>>> print(open('final.pdb').read())   # PDB, C-alpha atoms and all ligand atoms
ATOM      1  CA  MET O  11      -2.233   4.757   9.836  1.00  0.00           C
ATOM      2  CA  SER O  12      -1.667   3.802  13.440  1.00  0.00           C
ATOM      3  CA  THR O  13      -3.615   0.914  14.876  1.00  0.00           C
ATOM      4  CA  GLY O  14      -3.211   2.355  18.370  1.00  0.00           C
ATOM      5  CA  THR O  15      -1.084  -0.536  19.529  1.00  0.00           C
ATOM      6  CA  CYS O  16       2.314  -0.043  21.075  1.00  0.00           C
ATOM      7  CA  PRO O  17       5.084  -1.745  19.078  1.00  0.00           C
ATOM      8  CA  HIS O  18       7.462  -4.185  20.732  1.00  0.00           C
ATOM      9  CA  LEU O  19      10.305  -1.709  21.222  1.00  0.00           C
ATOM     10  CA  PRO O  20      12.835  -1.490  24.065  1.00  0.00           C
ATOM     11  CA  LEU O  21      12.094   0.568  27.156  1.00  0.00           C
ATOM     12  CA  ARG O  22      15.438   2.029  28.063  1.00  0.00           C
ATOM     13  CA  PRO O  23      17.393   1.877  30.269  1.00  0.00           C
ATOM     14  CA  LEU O  24      15.645  -1.254  31.562  1.00  0.00           C
ATOM     15  CA  TRP O  25      15.720  -3.007  28.180  1.00  0.00           C
ATOM     16  CA  ILE O  26      12.341  -4.613  28.600  1.00  0.00           C
ATOM     17  CA  CYS O  27       9.682  -4.585  25.890  1.00  0.00           C
ATOM     18  CA  LYS O  28       7.340  -1.576  26.050  1.00  0.00           C
ATOM     19  CA  ARG O  29       4.441  -3.774  25.017  1.00  0.00           C
ATOM     20  CA  CYS O  30       4.837  -7.160  26.720  1.00  0.00           C
ATOM     21  CA  ALA O  31       7.458  -6.382  29.416  1.00  0.00           C
ATOM     22  CA  GLN O  32       9.650  -9.330  28.416  1.00  0.00           C
ATOM     23  CA  PRO O  33      13.406  -8.831  28.127  1.00  0.00           C
ATOM     24  CA  TRP O  34      13.990  -7.073  24.787  1.00  0.00           C
ATOM     25  CA  PRO O  35      14.155  -8.260  22.066  1.00  0.00           C
ATOM     26  CA  CYS O  36      11.059 -10.296  22.919  1.00  0.00           C
ATOM     27  CA  ALA O  37       9.833 -13.026  20.575  1.00  0.00           C
ATOM     28  CA  VAL O  38       7.570 -10.647  18.656  1.00  0.00           C
ATOM     29  CA  ALA O  39      10.362  -8.080  18.309  1.00  0.00           C
ATOM     30  CA  ARG O  40      12.698 -10.792  16.993  1.00  0.00           C
ATOM     31  CA  LEU O  41      10.174 -11.833  14.364  1.00  0.00           C
ATOM     32  CA  ALA O  42       9.642  -8.202  13.381  1.00  0.00           C
ATOM     33  CA  LEU O  43      13.391  -7.606  13.074  1.00  0.00           C
ATOM     34  CA  VAL O  44      13.892 -10.683  10.896  1.00  0.00           C
ATOM     35  CA  ALA O  45      11.004  -9.573   8.681  1.00  0.00           C
ATOM     36  CA  GLU O  46      12.272  -5.976   8.537  1.00  0.00           C
ATOM     37  CA  TYR O  47      15.833  -6.874   7.571  1.00  0.00           C
ATOM     38  CA  GLY O  48      14.954  -9.791   5.309  1.00  0.00           C
ATOM     39  CA  ALA O  49      18.046 -10.923   3.431  1.00  0.00           C
ATOM     40  CA  ASP O  50      20.150  -8.068   4.864  1.00  0.00           C
ATOM     41  CA  ARG O  51      21.724 -10.211   7.553  1.00  0.00           C
ATOM     42  CA  VAL O  52      24.767  -7.974   7.858  1.00  0.00           C
ATOM     43  CA  GLY O  53      22.477  -5.013   8.509  1.00  0.00           C
ATOM     44  CA  LEU O  54      20.598  -6.991  11.164  1.00  0.00           C
ATOM     45  CA  ALA O  55      23.881  -8.003  12.803  1.00  0.00           C
ATOM     46  CA  VAL O  56      25.143  -4.413  12.861  1.00  0.00           C
ATOM     47  CA  TYR O  57      21.853  -3.212  14.366  1.00  0.00           C
ATOM     48  CA  LEU O  58      21.781  -5.927  17.026  1.00  0.00           C
ATOM     49  CA  CYS O  59      25.406  -5.344  18.003  1.00  0.00           C
ATOM     50  CA  GLY O  60      24.625  -1.641  18.456  1.00  0.00           C
ATOM     51  CA  GLN O  61      21.685  -2.516  20.687  1.00  0.00           C
ATOM     52  CA  LEU O  62      23.889  -4.932  22.646  1.00  0.00           C
ATOM     53  CA  TYR O  63      26.468  -2.210  23.183  1.00  0.00           C
ATOM     54  CA  ASP O  64      23.867   0.281  24.430  1.00  0.00           C
ATOM     55  CA  ALA O  65      22.150  -2.303  26.647  1.00  0.00           C
ATOM     56  CA  ALA O  66      25.412  -3.387  28.244  1.00  0.00           C
ATOM     57  CA  GLN O  67      26.141   0.209  29.205  1.00  0.00           C
ATOM     58  CA  ASP O  68      22.612   0.910  30.477  1.00  0.00           C
ATOM     59  CA  LEU O  69      22.218  -2.307  32.460  1.00  0.00           C
ATOM     60  CA  HIS O  70      25.661  -2.072  34.018  1.00  0.00           C
ATOM     61  CA  ARG O  71      24.992   1.540  34.987  1.00  0.00           C
ATOM     62  CA  LEU O  72      21.676   0.555  36.609  1.00  0.00           C
ATOM     63  CA  ASN O  73      23.029  -2.373  38.581  1.00  0.00           C
ATOM     64  CA  PRO O  74      26.740  -3.146  38.233  1.00  0.00           C
ATOM     65  CA  VAL O  75      26.504  -6.160  40.563  1.00  0.00           C
ATOM     66  CA  GLU O  76      23.599  -7.995  38.951  1.00  0.00           C
ATOM     67  CA  ALA O  77      23.827  -6.860  35.321  1.00  0.00           C
ATOM     68  CA  PRO O  78      23.869  -9.770  32.862  1.00  0.00           C
ATOM     69  CA  GLY O  79      27.335 -10.853  31.794  1.00  0.00           C
ATOM     70  CA  PRO O  80      28.721 -10.634  28.273  1.00  0.00           C
ATOM     71  CA  GLN O  81      27.723 -14.185  27.304  1.00  0.00           C
ATOM     72  CA  ALA O  82      24.127 -13.725  28.435  1.00  0.00           C
ATOM     73  CA  LEU O  83      23.848 -10.378  26.676  1.00  0.00           C
ATOM     74  CA  PHE O  84      25.322 -11.755  23.475  1.00  0.00           C
ATOM     75  CA  ALA O  85      22.879 -14.679  23.473  1.00  0.00           C
ATOM     76  CA  ARG O  86      19.955 -12.350  24.160  1.00  0.00           C
ATOM     77  CA  PHE O  87      20.769  -9.630  21.640  1.00  0.00           C
ATOM     78  CA  VAL O  88      22.748 -11.303  18.860  1.00  0.00           C
ATOM     79  CA  GLY O  89      23.002 -15.071  19.317  1.00  0.00           C
ATOM     80  CA  TRP O  90      19.394 -15.812  18.412  1.00  0.00           C
ATOM     81  CA  ALA O  91      19.512 -14.130  15.009  1.00  0.00           C
ATOM     82  CA  PRO O  92      19.764 -16.103  11.759  1.00  0.00           C
ATOM     83  CA  LEU O  93      22.934 -14.319  10.692  1.00  0.00           C
ATOM     84  CA  ARG O  94      24.339 -17.036   8.463  1.00  0.00           C
ATOM     85  CA  SER O  95      22.992 -17.737   5.043  1.00  0.00           C
ATOM     86  CA  PRO O  96      21.216 -21.077   4.727  1.00  0.00           C
ATOM     87  CA  PRO O  97      23.195 -23.759   2.856  1.00  0.00           C
ATOM     88  CA  ALA O  98      22.692 -23.685  -0.869  1.00  0.00           C
ATOM     89  CA  LEU O  99      20.341 -26.269  -2.268  1.00  0.00           C
ATOM     90  CA  GLN O 100      21.909 -28.792  -4.583  1.00  0.00           C
TER      91      GLN O 100
HETATM   92 ZN    ZN E   1       7.289  -7.519  23.292  1.00  0.00          ZN
END
>>> encode(input="final.pdb", output="structure tokens")
Amino acid sequence: MSTGTCPHLPLRPLWICKRCAQPWPCAVARLALVAEYGADRVGLAVYLCGQLYDAAQDLHRLNPVEAPGPQALFARFVGWAPLRSPPALQ
């Protein structure tokens, strides 16, 4: 049942959060993604790389001069994610 609140999803082609207007994925969206994918870190990585690809196209199309560069986009879309398994406890 819907609570009537807008989820923290991307507003394309601007790639800002529909709810809080921060650059997507905002902090809440990142937490939700980590919770959604759980231990499926490969699945999270594949999803985030797809979003990065789409965002790069959209943002460059909107403003080729001032679109974020590859390093900034990677950090924003993929670099934050806990994609490596934690070290095993001994
Ligand atoms: Zn948000």
>>> residues_near_point(input="final.pdb", point="(20.7, -0.9, 32.2)", cutoff="10 Å", atoms="all atoms listed in the file", output="PyMOL selection string")
chain O and resi 22-26+64-74+77-78
>>> atom_distance(input="final.pdb", atom1="atom CA of O:Ala91", atom2="atom CA of O:Arg51")
8.7 Å
>>> atom_distance(input="final.pdb", atom1="atom CA of O:Pro20", atom2="atom ZN of ligand ZN 1 (chain E)")
8.2 Å
>>> resolve_selection(input="final.pdb", expression="the PyMOL selection byres (((not hetatm)) within 10 of (chain E and resi 1))", output="list in words")
Cys16, Pro17, His18, Leu19, Pro20, Ile26, Cys27, Lys28, Arg29, Cys30, Ala31, Gln32, Pro33, Trp34, Pro35, Cys36, Ala37, Val38, Ala39 and Arg40 of chain O
>>> closest_residue(input="final.pdb", among="O:Trp90, O:Leu41, O:Leu21, O:Phe84", to="O:Gly60", atoms="only C-alpha atoms")
O:Phe84
>>> atom_distance(input="final.pdb", atom1="atom CA of O:Ala45", atom2="atom CA of O:Tyr57")
13.8 Å
>>> residues_near_point(input="final.pdb", point="(20.4, -13.2, 13.8)", cutoff="12 Å", atoms="all atoms listed in the file", output="MDAnalysis selection string")
chainID O and resid 35 40:45 47:59 84:95
>>> write_last_selection(input="final.pdb", atoms="C-alpha atoms", output="short mmCIF file (atom, residue, chain, number, x, y, z; two decimals), in the coordinates of the input")
data_model
loop_
_atom_site.label_atom_id
_atom_site.label_comp_id
_atom_site.auth_asym_id
_atom_site.auth_seq_id
_atom_site.Cartn_x
_atom_site.Cartn_y
_atom_site.Cartn_z
CA PRO O 35 14.16 -8.26 22.07
CA ARG O 40 12.70 -10.79 16.99
CA LEU O 41 10.17 -11.83 14.36
CA ALA O 42 9.64 -8.20 13.38
CA LEU O 43 13.39 -7.61 13.07
CA VAL O 44 13.89 -10.68 10.90
CA ALA O 45 11.00 -9.57 8.68
CA TYR O 47 15.83 -6.87 7.57
CA GLY O 48 14.95 -9.79 5.31
CA ALA O 49 18.05 -10.92 3.43
CA ASP O 50 20.15 -8.07 4.86
CA ARG O 51 21.72 -10.21 7.55
CA VAL O 52 24.77 -7.97 7.86
CA GLY O 53 22.48 -5.01 8.51
CA LEU O 54 20.60 -6.99 11.16
CA ALA O 55 23.88 -8.00 12.80
CA VAL O 56 25.14 -4.41 12.86
CA TYR O 57 21.85 -3.21 14.37
CA LEU O 58 21.78 -5.93 17.03
CA CYS O 59 25.41 -5.34 18.00
CA PHE O 84 25.32 -11.76 23.48
CA ALA O 85 22.88 -14.68 23.47
CA ARG O 86 19.95 -12.35 24.16
CA PHE O 87 20.77 -9.63 21.64
CA VAL O 88 22.75 -11.30 18.86
CA GLY O 89 23.00 -15.07 19.32
CA TRP O 90 19.39 -15.81 18.41
CA ALA O 91 19.51 -14.13 15.01
CA PRO O 92 19.76 -16.10 11.76
CA LEU O 93 22.93 -14.32 10.69
CA ARG O 94 24.34 -17.04 8.46
CA SER O 95 22.99 -17.74 5.04
#
